[in-house]
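Enquirer: Here you go, one structure.
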Amino acid sequence: FSQPQSVLVAAVDDSVAEGSPHAGAVSLLAASNDPSFNGSVASVSVSVSDNDVAALVVAGAAWGVNVTEGGVSASYSVALSTQPNLPAAADDEAAVVVRLSSADGTCVDAQSLAPLIAAAGCAVHADCGAGRTCRTGTRAIVSPAELTFTKANWNVPQLVTVSAHADSLPEGAHRAVVLHSAESADAQYSEPQLPVATVDVSITDDDVAAVHLSAASQSMLVAVEGGAAQQVEVTQ
């Protein structure tokens, strides 16, 4: 009766990001014919190191995506790295909502919104420094606008499609950024705990700066010295 007996304690390897360390406990209940021991309860506290980290898993866009104005679109997928850890009263039908938006990738003055070319290439406002903001725009079109994950589908990839806005501006090769932000009753899936994920978008322009002559003026013009002037219609 006086010889110690070992008890092996192991953590359950779940898929929930609970923080590290988090608390656990082992309860011991004695059953004996000796009433002095029967029903005796003891508890041992356990400190558990977690191996799960909440994150957005973006697949198919490690080097960004390539799209063409008025043409080729691109797609990638988004899933969660862990199962949402929700309070008992939380709605599981919208455990984590991921919202998608696009930015032009250009820093502008926060007051005048004038472009600051030397500070171009932003993904989020923090990239631009004091007094500057990252200009949002319509260079890239993202669909859908939001993704909803539950405890049941948290690890099932959801498709995101990116296309380029077909404008009439000759911009040459240019870029945009797709931003992902999350909202959840699980603090691990809400900002600032969860950093904003980004996907770079490289856009091929389908517009070329040129001068166009009207159809009537594309044939050979005949001009006579001292005669009437000929009219040519020129458009961009």
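In the structure tokens, each chain is lettered A, B, ... as it comes, each chain's residues begin at 1, and ligands are numbered from 1 in order of appearance.
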Report as a list of chain:residue names all protein, DNA and RNA residues lying within 12 Å of Leu147 in chain A, evaluated on only C-alpha atoms, omitting residues in the same chain fewer than 5 positions from it.
Expert: A:Leu56, A:Ser77, A:Val78, A:Ala79, A:Leu80, A:Glu93, A:Ala94, A:Ala95, A:Val96, A:Val97, A:Val98, A:Arg99, A:Leu100, A:Ser101, A:Val142, A:Asn153, A:Trp154, A:Val156, A:Pro157, A:Gln158, A:Leu159, A:Val160, A:His180, A:Ser181, A:Ala182, A:Glu183
Enquirer: Write the residues of the selection above to a file with C-alpha atoms, as a compact mmCIF listing (two decimals), in the first residue's frame.
Expert:
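See selection12.txt below for the written result:
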```
# COMPACT_ATOMS: atom_id res chain seq x y z
CA LEU A 56 -5.97 31.36 -42.53
CA SER A 77 -8.61 28.63 -51.80
CA VAL A 78 -8.95 29.59 -48.14
CA ALA A 79 -9.51 27.35 -45.11
CA LEU A 80 -8.83 27.55 -41.36
CA GLU A 93 -23.45 28.80 -38.29
CA ALA A 94 -21.05 31.74 -38.63
CA ALA A 95 -18.19 30.62 -36.41
CA VAL A 96 -15.60 32.53 -38.46
CA VAL A 97 -16.45 35.04 -41.20
CA VAL A 98 -13.57 35.95 -43.53
CA ARG A 99 -14.10 39.19 -45.47
CA LEU A 100 -12.24 39.88 -48.71
CA SER A 101 -11.42 43.24 -50.29
CA VAL A 142 -12.76 39.53 -55.67
CA ASN A 153 -16.38 22.87 -42.45
CA TRP A 154 -13.46 24.78 -40.93
CA VAL A 156 -12.70 22.49 -46.13
CA PRO A 157 -11.06 24.86 -48.68
CA GLN A 158 -13.38 27.51 -50.13
CA LEU A 159 -12.67 28.96 -53.58
CA VAL A 160 -11.88 32.64 -54.20
CA HIS A 180 -8.47 38.95 -45.87
CA SER A 181 -9.78 39.88 -42.43
CA ALA A 182 -11.70 37.65 -40.01
CA GLU A 183 -14.38 38.12 -37.38
```
Enquirer: At what distance in Å, to one decimal, does CA of Val177 in chain A lie from CA of Asp200 in chain A?
Expert: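 Taking CA of Asp200 in chain A as the start and CA of Val177 in chain A as the end point, the length is 4.7 Å.
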Enquirer: Go ahead and compute the interatomic distance for CA of Ile203 in chain A and CA of Ala130 in chain A, in Å to one decimal.
Expert: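 Interatomic distance, CA of Ile203 in chain A to CA of Ala130 in chain A: 28.4 Å.
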Enquirer: Just the number, please: distance in Å from CA of Pro84 in chain A to CA of Thr150 in chain A, one decimal.
Expert: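 Separation of CA of Pro84 in chain A and CA of Thr150 in chain A: 7.3 Å.
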Enquirer: Using only C-alpha atoms, tabulate the residues of range 33-99 of chain A lying at most 10 Å from any atom of range 161-165 of chain A, each with its closest atom pair and that distance in Å to one decimal, by chain and increasing residue number, as a tab-separated table.
Expert:
```
residue	atom	partner	partner_atom	distance
A:Val65	CA	A:Val162	CA	8.1
A:Asn66	CA	A:Ser163	CA	8.8
A:Val67	CA	A:Ser163	CA	6.0
A:Thr68	CA	A:Ala164	CA	5.9
A:Glu69	CA	A:Ala164	CA	4.8
A:Gly70	CA	A:Ala164	CA	6.8
A:Gly71	CA	A:Ala164	CA	7.9
A:Val72	CA	A:Ser163	CA	7.2
A:Ser73	CA	A:Ser163	CA	4.5
A:Ala74	CA	A:Val162	CA	5.3
A:Ser75	CA	A:Thr161	CA	4.3
A:Tyr76	CA	A:Thr161	CA	6.8
A:Ser77	CA	A:Thr161	CA	8.7
```
Enquirer: Could you list, as number ranges by chain, every residue within 8 Å of Val26 in chain A, counting only C-alpha atoms and ignoring same-chain residues fewer than 5 positions away?
Expert: A: 43-46
Enquirer: Restricting it to N, CA and C atoms, dump the selection as a compact mmCIF listing (two decimals), in the first residue's frame.
Expert:
```txt
# COMPACT_ATOMS: atom_id res chain seq x y z
N SER A 43 -7.05 15.95 -6.81
CA SER A 43 -6.93 16.57 -8.13
C SER A 43 -5.50 17.02 -8.37
N VAL A 44 -5.04 16.82 -9.60
CA VAL A 44 -3.70 17.26 -10.00
C VAL A 44 -3.84 18.25 -11.15
N SER A 45 -3.28 19.43 -11.01
CA SER A 45 -3.32 20.43 -12.07
C SER A 45 -2.34 20.07 -13.17
N VAL A 46 -2.73 20.33 -14.41
CA VAL A 46 -1.90 20.01 -15.57
C VAL A 46 -1.77 21.26 -16.44
```
Enquirer: Need the shell around Arg139 in chain A: protein/DNA/RNA residues with any atom at most 8 Å away, counting only C-alpha atoms. Skip same-chain ones fewer than 6 positions apart. Format as a list in words?
Expert: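 Answer for this query is Ser102, Ala103, Asp104, Ala164, His165, Arg175 and Ala176 of chain A.
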